[in-house]
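So this block is data32.txt, compact mmCIF, C-alpha atoms:
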```
# COMPACT_ATOMS: atom_id res chain seq x y z
CA MET E 534 33.41 -1.25 18.32
CA PRO E 535 34.98 0.07 15.06
CA THR E 536 34.38 3.61 13.88
CA VAL E 537 33.70 4.56 10.28
CA GLU E 538 34.70 7.85 8.72
CA LEU E 539 31.91 9.48 6.75
CA PRO E 540 33.30 10.59 3.35
CA LEU E 541 31.29 13.81 2.96
CA ALA E 542 32.99 14.91 -0.28
CA VAL E 543 32.41 11.56 -1.98
CA LEU E 544 28.78 11.38 -0.84
CA LEU E 545 28.04 14.94 -1.97
CA GLY E 546 29.85 14.28 -5.25
CA GLY E 547 27.69 11.21 -5.78
CA VAL E 548 24.55 13.32 -5.38
CA PHE E 549 25.77 15.78 -8.02
CA LEU E 550 26.77 12.97 -10.39
CA ILE E 551 23.38 11.28 -10.05
CA ALA E 552 21.56 14.60 -10.56
CA GLY E 553 23.61 15.51 -13.63
CA ALA E 554 23.30 12.06 -15.19
CA GLY E 555 19.56 12.04 -14.46
CA LYS E 556 19.09 15.32 -16.29
CA LEU E 557 21.02 14.03 -19.31
CA PHE E 558 19.17 10.70 -19.47
CA ARG E 559 15.79 12.40 -19.02
CA VAL E 560 16.58 15.60 -20.86
CA ASP E 561 12.99 16.08 -22.05
CA ARG E 562 11.73 16.05 -18.46
CA PHE E 563 14.43 18.58 -17.51
CA ARG E 564 13.47 20.86 -20.39
CA GLU E 565 9.83 20.74 -19.32
CA SER E 566 10.80 21.72 -15.78
CA LEU E 567 12.87 24.65 -17.11
CA GLU E 568 9.83 25.91 -19.02
CA SER E 569 8.08 26.47 -15.69
CA TYR E 570 10.82 28.96 -14.67
CA ARG E 571 9.51 32.33 -15.86
CA LEU E 572 12.70 34.27 -15.10
CA ALA E 573 15.21 31.79 -16.51
CA PRO E 574 16.98 33.09 -19.68
CA ALA E 575 18.31 30.96 -22.55
CA LYS E 576 16.49 27.83 -21.43
CA PRO E 577 17.77 25.58 -24.27
CA LEU E 578 21.34 26.52 -23.30
CA LEU E 579 20.66 25.94 -19.60
CA ALA E 580 19.31 22.46 -20.39
CA ARG E 581 22.84 21.57 -21.56
CA LEU E 582 24.97 23.62 -19.16
CA VAL E 583 23.34 22.64 -15.86
CA PRO E 584 23.89 18.86 -16.11
CA VAL E 585 27.45 19.38 -17.40
CA ALA E 586 28.19 21.69 -14.44
CA GLU E 587 26.74 19.15 -11.99
CA LEU E 588 28.79 16.33 -13.47
CA ALA E 589 31.96 18.45 -13.34
CA VAL E 590 31.39 19.46 -9.70
CA GLY E 591 30.49 15.88 -8.72
CA GLY E 592 33.61 14.51 -10.37
CA ALA E 593 35.78 17.14 -8.65
CA LEU E 594 34.30 16.27 -5.24
CA VAL E 595 34.85 12.54 -5.71
CA ALA E 596 38.42 13.17 -6.88
CA GLY E 597 39.08 15.41 -3.88
CA LEU E 598 40.14 18.41 -5.94
CA THR E 599 40.86 21.67 -4.14
CA GLY E 600 38.00 24.13 -4.36
CA ALA E 601 35.41 21.45 -5.19
CA GLY E 602 33.47 22.26 -2.01
CA TRP E 603 33.30 25.95 -2.97
CA ALA E 604 32.11 25.01 -6.46
CA ALA E 605 29.38 22.80 -4.96
CA ALA E 606 28.28 25.52 -2.54
CA GLY E 607 28.21 28.08 -5.34
CA LEU E 608 26.16 25.90 -7.65
CA LEU E 609 23.67 25.12 -4.89
CA ALA E 610 23.42 28.84 -4.10
CA ILE E 611 22.61 29.61 -7.74
CA PHE E 612 19.95 26.90 -7.84
CA SER E 613 18.40 28.12 -4.58
CA LEU E 614 18.37 31.79 -5.63
CA ALA E 615 16.67 30.93 -8.93
CA LEU E 616 14.08 28.82 -7.14
CA ALA E 617 13.45 31.46 -4.48
CA ALA E 618 13.04 34.18 -7.14
CA GLU E 619 10.40 32.08 -8.93
CA LEU E 620 8.54 31.44 -5.68
CA ALA E 621 8.60 35.17 -4.93
CA THR E 622 6.75 35.86 -8.20
CA GLY E 623 4.04 33.38 -7.25
CA ALA E 624 5.23 30.67 -9.63
CA SER E 625 5.67 27.05 -8.58
CA PRO E 626 8.43 25.56 -10.75
CA ALA E 627 8.19 21.88 -11.61
CA SER E 628 10.79 19.50 -10.25
CA CYS E 629 13.26 17.88 -12.64
CA GLY E 630 12.88 14.50 -10.88
CA CYS E 631 16.55 13.82 -11.58
CA LEU E 632 17.55 12.31 -8.23
CA VAL E 633 14.64 9.85 -7.99
CA PRO E 634 13.03 9.06 -11.38
CA GLY E 635 9.34 9.93 -11.50
CA ILE E 636 9.39 11.60 -8.07
CA GLY E 637 9.82 15.33 -7.65
CA LEU E 638 9.92 17.49 -4.55
CA PRO E 639 7.69 20.55 -4.22
CA ALA E 640 9.60 23.80 -4.72
CA ARG E 641 9.72 24.74 -1.01
CA LEU E 642 10.98 21.30 -0.02
CA ALA E 643 13.58 21.54 -2.78
CA LEU E 644 14.88 24.71 -1.10
CA ILE E 645 15.25 22.84 2.19
CA ARG E 646 17.07 20.01 0.40
CA ASN E 647 19.45 22.51 -1.22
CA ALA E 648 20.13 24.09 2.18
CA LEU E 649 21.05 20.68 3.65
CA LEU E 650 23.33 19.93 0.72
CA ALA E 651 24.91 23.37 1.09
CA ALA E 652 25.61 22.60 4.77
CA VAL E 653 27.42 19.44 3.66
CA ALA E 654 29.39 21.48 1.12
CA LEU E 655 30.45 23.92 3.88
CA ALA E 656 31.53 20.94 6.00
CA VAL E 657 33.66 19.73 3.08
CA ILE E 658 35.22 23.20 2.79
CA ALA E 659 35.97 23.22 6.52
CA GLY E 660 37.65 19.81 6.22
CA ALA E 661 35.21 18.12 8.59
CA ARG E 662 35.79 14.38 8.97
CA PRO E 663 32.84 13.03 11.01
CA ARG E 664 33.15 9.53 12.39
CA LEU E 665 30.34 7.08 13.07
CA GLY E 666 30.95 5.26 16.32
CA GLU E 667 29.08 3.18 18.89
CA GLY E 668 25.95 5.36 18.87
CA PHE E 669 25.58 4.93 15.11
CA TRP E 670 25.90 1.15 15.26
CA LEU E 671 23.37 0.97 18.10
CA VAL E 672 20.83 3.06 16.20
CA ALA E 673 21.48 1.03 13.02
CA PHE E 674 20.98 -2.23 14.95
CA ILE E 675 17.66 -1.05 16.42
CA ALA E 676 16.49 0.29 13.05
CA LEU E 677 17.37 -3.02 11.40
CA TRP E 678 15.28 -4.99 13.89
CA LEU E 679 12.37 -2.58 13.44
CA VAL E 680 12.57 -3.13 9.67
CA VAL E 681 12.67 -6.92 10.18
CA ALA E 682 9.63 -6.74 12.48
CA GLY E 683 7.77 -4.59 9.94
CA LEU E 684 8.60 -6.99 7.12
CA GLY E 685 7.48 -9.93 9.27
CA ALA E 686 4.11 -8.26 9.90
CA LEU E 687 3.78 -7.51 6.19
CA VAL E 688 4.54 -11.13 5.24
CA PHE E 689 1.97 -12.35 7.78
CA ALA E 690 -0.67 -9.99 6.37
CA LEU E 691 0.11 -11.15 2.82
CA TYR E 692 -0.08 -14.78 3.98
CA ARG E 693 -3.59 -14.19 5.31
CA GLN E 694 -4.64 -12.44 2.10
CA VAL E 695 -3.27 -15.30 -0.02
CA GLY E 696 -5.20 -17.71 2.18
CA VAL E 697 -8.42 -15.75 1.66
CA LEU E 698 -7.75 -15.66 -2.09
CA HIS E 699 -7.11 -19.40 -2.12
CA LEU E 700 -10.42 -20.03 -0.37
CA ARG E 701 -12.21 -18.03 -3.06
CA LEU E 702 -11.00 -20.46 -5.71
CA GLY E 703 -12.76 -23.69 -6.59
CA PRO E 704 -16.33 -24.48 -7.63
CA GLY E 705 -18.29 -21.25 -7.80
CA ALA E 706 -21.64 -22.42 -6.46
CA ALA E 707 -22.64 -24.02 -3.18
CA PHE E 708 -23.96 -27.61 -3.15
CA GLU E 709 -27.68 -26.95 -2.75
CA HIS E 710 -29.93 -30.01 -2.23
CA ASP E 711 -33.67 -29.71 -1.84
CA ASP E 712 -33.80 -32.61 0.64
CA GLU E 713 -31.24 -31.07 3.01
CA GLY E 714 -32.01 -28.33 5.52
CA LEU E 715 -35.13 -26.18 5.64
CA PRO E 716 -37.04 -26.10 2.34
CA LEU E 717 -36.67 -22.96 0.24
CA GLY E 718 -39.41 -20.47 1.05
CA ASP E 719 -39.98 -21.78 4.59
CA GLN E 720 -39.75 -19.36 7.48
CA ALA E 721 -36.42 -19.40 9.27
CA PRO E 722 -36.14 -19.28 13.09
CA PRO E 723 -36.74 -15.86 14.67
CA GLY E 724 -33.82 -13.46 14.83
CA THR E 725 -32.19 -14.56 11.57
CA ALA E 726 -34.09 -12.47 9.01
CA GLY E 727 -31.91 -10.57 6.54
CA SER E 728 -28.74 -12.46 7.37
CA LEU E 729 -26.35 -15.16 6.23
CA VAL E 730 -26.25 -18.00 8.76
CA VAL E 731 -23.02 -20.00 8.60
CA PHE E 732 -22.81 -23.33 10.42
CA THR E 733 -19.45 -24.71 11.56
CA SER E 734 -18.04 -27.23 14.01
CA SER E 735 -14.69 -27.59 15.76
CA SER E 736 -14.10 -31.05 14.24
CA CYS E 737 -14.34 -29.67 10.68
CA PRO E 738 -10.95 -28.61 9.18
CA VAL E 739 -12.62 -26.82 6.24
CA CYS E 740 -14.65 -24.73 8.71
CA ALA E 741 -11.45 -23.47 10.32
CA GLN E 742 -10.33 -22.16 6.92
CA ILE E 743 -13.64 -20.43 6.18
CA VAL E 744 -14.23 -18.75 9.56
CA PRO E 745 -11.52 -16.03 9.14
CA GLY E 746 -13.30 -14.81 5.98
CA LEU E 747 -16.75 -14.38 7.50
CA ARG E 748 -16.12 -10.80 8.54
CA ALA E 749 -14.93 -9.95 5.02
CA ILE E 750 -18.06 -11.53 3.52
CA GLY E 751 -20.29 -9.45 5.79
CA ARG E 752 -18.36 -6.27 5.05
CA ASP E 753 -18.22 -6.80 1.26
CA HIS E 754 -21.95 -7.54 0.99
CA ALA E 755 -23.17 -5.18 3.76
CA LEU E 756 -24.82 -8.18 5.36
CA ALA E 757 -25.25 -9.50 8.89
CA VAL E 758 -23.42 -12.81 9.27
CA VAL E 759 -24.58 -15.19 12.03
CA HIS E 760 -21.88 -17.70 12.96
CA ALA E 761 -23.61 -20.75 14.41
CA GLN E 762 -21.00 -22.99 16.06
CA GLU E 763 -22.07 -26.51 16.92
CA ASP E 764 -20.06 -26.37 20.15
CA ASP E 765 -22.05 -23.37 21.37
CA PRO E 766 -25.51 -23.96 22.97
CA HIS E 767 -27.21 -21.30 20.83
CA GLY E 768 -25.37 -22.64 17.79
CA ARG E 769 -26.66 -26.16 18.45
CA GLU E 770 -30.20 -24.80 18.65
CA LEU E 771 -29.78 -23.15 15.25
CA HIS E 772 -28.30 -26.37 13.83
CA ARG E 773 -31.44 -28.25 14.88
CA ALA E 774 -33.84 -25.50 13.81
CA PHE E 775 -32.31 -25.29 10.32
CA ALA E 776 -31.96 -29.11 10.06
CA VAL E 777 -28.30 -28.72 9.09
CA PRO E 778 -27.01 -31.92 7.41
CA GLY E 779 -23.33 -31.20 8.08
CA THR E 780 -20.69 -28.51 8.21
CA PRO E 781 -19.69 -26.17 6.75
CA TYR E 782 -23.18 -25.15 5.70
CA ALA E 783 -24.77 -21.76 4.94
CA VAL E 784 -28.29 -20.40 4.63
CA TYR E 785 -29.33 -17.02 3.28
CA VAL E 786 -32.44 -15.71 5.02
CA GLY E 787 -34.31 -12.89 3.27
CA GLY E 788 -35.58 -9.77 4.92
CA ASP E 789 -39.02 -11.38 5.18
CA GLY E 790 -37.55 -14.27 7.20
CA ALA E 791 -37.85 -16.85 4.41
CA VAL E 792 -35.04 -19.23 3.39
CA ARG E 793 -33.87 -18.04 -0.03
CA ALA E 794 -30.65 -20.03 -0.59
CA LYS E 795 -28.73 -22.76 1.19
CA GLY E 796 -26.02 -25.32 0.65
CA THR E 797 -22.79 -26.96 1.70
CA VAL E 798 -19.82 -24.66 1.17
CA ASN E 799 -16.11 -25.43 1.00
CA THR E 800 -14.72 -22.06 -0.14
CA LEU E 801 -15.45 -18.38 0.37
CA GLU E 802 -16.53 -18.15 -3.26
CA GLN E 803 -19.22 -20.76 -2.63
CA LEU E 804 -20.25 -18.87 0.50
CA GLU E 805 -20.62 -15.70 -1.59
CA SER E 806 -22.68 -17.63 -4.12
CA VAL E 807 -25.24 -18.37 -1.39
CA VAL E 808 -25.58 -14.62 -0.78
CA VAL E 809 -25.80 -13.77 -4.49
CA THR E 810 -28.35 -16.52 -5.19
CA GLY E 811 -30.42 -15.64 -2.13
CA ARG E 812 -30.61 -11.96 -3.00
CA ALA E 813 -31.54 -12.73 -6.60
CA ARG E 814 -34.39 -14.97 -5.47
CA GLU E 815 -35.46 -12.35 -2.93
CA GLN E 816 -35.68 -9.72 -5.67
CA GLU E 817 -37.60 -12.12 -7.94
CA GLY E 818 -40.07 -12.70 -5.13
CA ALA E 819 -40.50 -8.96 -4.60
CA VAL E 820 -41.16 -8.44 -8.30
CA SER E 821 -43.72 -11.25 -8.48
CA HIS E 822 -45.49 -9.82 -5.41
CA ALA E 823 -45.61 -6.38 -7.02
CA ALA E 824 -47.06 -7.87 -10.20
```
Could you spell out this file's structure in structure tokens?
Amino acid sequence: MPTVELPLAVLLGGVFLIAGAGKLFRVDRFRESLESYRLAPAKPLLARLVPVAELAVGGALVAGLTGAGWAAAGLLAIFSLALAAELATGASPASCGCLVPGIGLPARLALIRNALLAAVALAVIAGARPRLGEGFWLVAFIALWLVVAGLGALVFALYRQVGVLHLRLGPGAAFEHDDEGLPLGDQAPPGTAGSLVVFTSSSCPVCAQIVPGLRAIGRDHALAVVHAQEDDPHGRELHRAFAVPGTPYAVYVGGDGAVRAKGTVNTLEQLESVVVTGRAREQEGAVSHAA
């Protein structure tokens, strides 16, 4: 298996070049971060000198110039000493956000980052030439498969969410017919008060699309959902008791046990409309009773 030499000087130089260019492109952000340094003198001058110094050191490292590693280590030491002095006074300097736009490390983490970069600079000074061999490729291969598995799980989760969203589209109201099912206001079978009863069957393809969203409906509306399957003995009893004309069908039963809304549903949005309509009628009934 081939080995790859890790170009430490070039990589470290790239970090300095990105940091310097980031400070120049977002100079206002860098000036704001300098204002949080209480001990820093001549801040307007530093706003110009620091990025120029980083670009010069980065270019020297990439070009392989002698002494570039010492220059990098010295610059990192200056940055770290200034940051440590500010922390010692109780200040918490703002990050420049120059390496990753819009993202800044807390001051203490920035010190750790500088220490790691300084270790790389010392390795450059020592002439270290690390090589990535079989162990690296094995770890990279495993990491790649873990990333692929994670992306696969994410795509599957998004697929389910898109399916739920698709089911919410379509006509907004359920198909409610007075002549189908139990009449509105009649008492529902015992054990179903304050719930949404959803009737499905295994031979109904639309039912198979609605069933995965029942838990979400119950959670979103803080409502007990009774899934009455025609293939289940208890489900068949509920089908007969509610005089269900076909599936998928839903009935909202109020807290008093009365049928408040019903209808044939083909989407989750229509199923939600049964809940919304049933609760509105339940509240109207409570108000009329109070009057």
Within 12 Å of file point (-21.2, -31.5, 9.3), counting only C-alpha atoms, expressed as a compact mmCIF listing (two decimals) with C-alpha atoms, in the coordinates of the input:
```txt
# COMPACT_ATOMS: atom_id res chain seq x y z
CA GLU E 713 -31.24 -31.07 3.01
CA GLY E 714 -32.01 -28.33 5.52
CA VAL E 731 -23.02 -20.00 8.60
CA PHE E 732 -22.81 -23.33 10.42
CA THR E 733 -19.45 -24.71 11.56
CA SER E 734 -18.04 -27.23 14.01
CA SER E 735 -14.69 -27.59 15.76
CA SER E 736 -14.10 -31.05 14.24
CA CYS E 737 -14.34 -29.67 10.68
CA PRO E 738 -10.95 -28.61 9.18
CA VAL E 739 -12.62 -26.82 6.24
CA CYS E 740 -14.65 -24.73 8.71
CA GLN E 762 -21.00 -22.99 16.06
CA GLU E 763 -22.07 -26.51 16.92
CA ARG E 769 -26.66 -26.16 18.45
CA HIS E 772 -28.30 -26.37 13.83
CA ALA E 776 -31.96 -29.11 10.06
CA VAL E 777 -28.30 -28.72 9.09
CA PRO E 778 -27.01 -31.92 7.41
CA GLY E 779 -23.33 -31.20 8.08
CA THR E 780 -20.69 -28.51 8.21
CA PRO E 781 -19.69 -26.17 6.75
CA TYR E 782 -23.18 -25.15 5.70
CA ALA E 783 -24.77 -21.76 4.94
CA GLY E 796 -26.02 -25.32 0.65
CA THR E 797 -22.79 -26.96 1.70
CA VAL E 798 -19.82 -24.66 1.17
CA ASN E 799 -16.11 -25.43 1.00
```
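The smallest atom-to-atom distance between Gly597 of chain E and any of E:Gly751, E:Gly555, E:Gly660, E:Gly623, using only C-alpha atoms, is found for E:Gly660.
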Spatial neighbours of Ala573 of chain E, 10 Å, all atoms listed in the file, chain gap at least 3 places, as a short mmCIF file (atom, residue, chain, number, x, y, z; two decimals) with C-alpha atoms, keeping the file's coordinate frame:
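Contents of result_21.cif, freshly written:
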```cif
data_model
loop_
_atom_site.label_atom_id
_atom_site.label_comp_id
_atom_site.auth_asym_id
_atom_site.auth_seq_id
_atom_site.Cartn_x
_atom_site.Cartn_y
_atom_site.Cartn_z
CA LEU E 567 12.87 24.65 -17.11
CA GLU E 568 9.83 25.91 -19.02
CA SER E 569 8.08 26.47 -15.69
CA TYR E 570 10.82 28.96 -14.67
CA LYS E 576 16.49 27.83 -21.43
CA LEU E 579 20.66 25.94 -19.60
CA ALA E 615 16.67 30.93 -8.93
CA LEU E 616 14.08 28.82 -7.14
CA ALA E 618 13.04 34.18 -7.14
CA GLU E 619 10.40 32.08 -8.93
#
```
**Study point:** 12 Å contact set for Ala617 of chain E, only C-alpha atoms, chain neighbours under 4 positions out, as a list in words
**Key:** Tyr570, Leu572, Ala610, Ile611, Phe612, Ser613, Ala621, Thr622, Gly623, Ala624, Ser625, Pro626, Ala640, Arg641, Leu642, Ala643, Leu644, Ile645, Asn647 and Ala648 of chain E
Write a file of the just-selected residues containing C-alpha atoms, as a compact mmCIF listing (two decimals), in the frame of the given file.
```txt
# COMPACT_ATOMS: atom_id res chain seq x y z
CA TYR E 570 10.82 28.96 -14.67
CA LEU E 572 12.70 34.27 -15.10
CA ALA E 610 23.42 28.84 -4.10
CA ILE E 611 22.61 29.61 -7.74
CA PHE E 612 19.95 26.90 -7.84
CA SER E 613 18.40 28.12 -4.58
CA ALA E 621 8.60 35.17 -4.93
CA THR E 622 6.75 35.86 -8.20
CA GLY E 623 4.04 33.38 -7.25
CA ALA E 624 5.23 30.67 -9.63
CA SER E 625 5.67 27.05 -8.58
CA PRO E 626 8.43 25.56 -10.75
CA ALA E 640 9.60 23.80 -4.72
CA ARG E 641 9.72 24.74 -1.01
CA LEU E 642 10.98 21.30 -0.02
CA ALA E 643 13.58 21.54 -2.78
CA LEU E 644 14.88 24.71 -1.10
CA ILE E 645 15.25 22.84 2.19
CA ASN E 647 19.45 22.51 -1.22
CA ALA E 648 20.13 24.09 2.18
```
Review point. What is the atom CA of Ala721 of chain E-atom CA of Val744 of chain E distance in Å, reported with one decimal?
Key: 22.2 Å
Exercise for review: Quick one: everything within 9 Å of Ile658 of chain E, counting only C-alpha atoms, minus sequence neighbours fewer than 5 positions away in the same chain. Send it as a VMD selection string.
Suggested key: chain E and resid 600 to 603 653
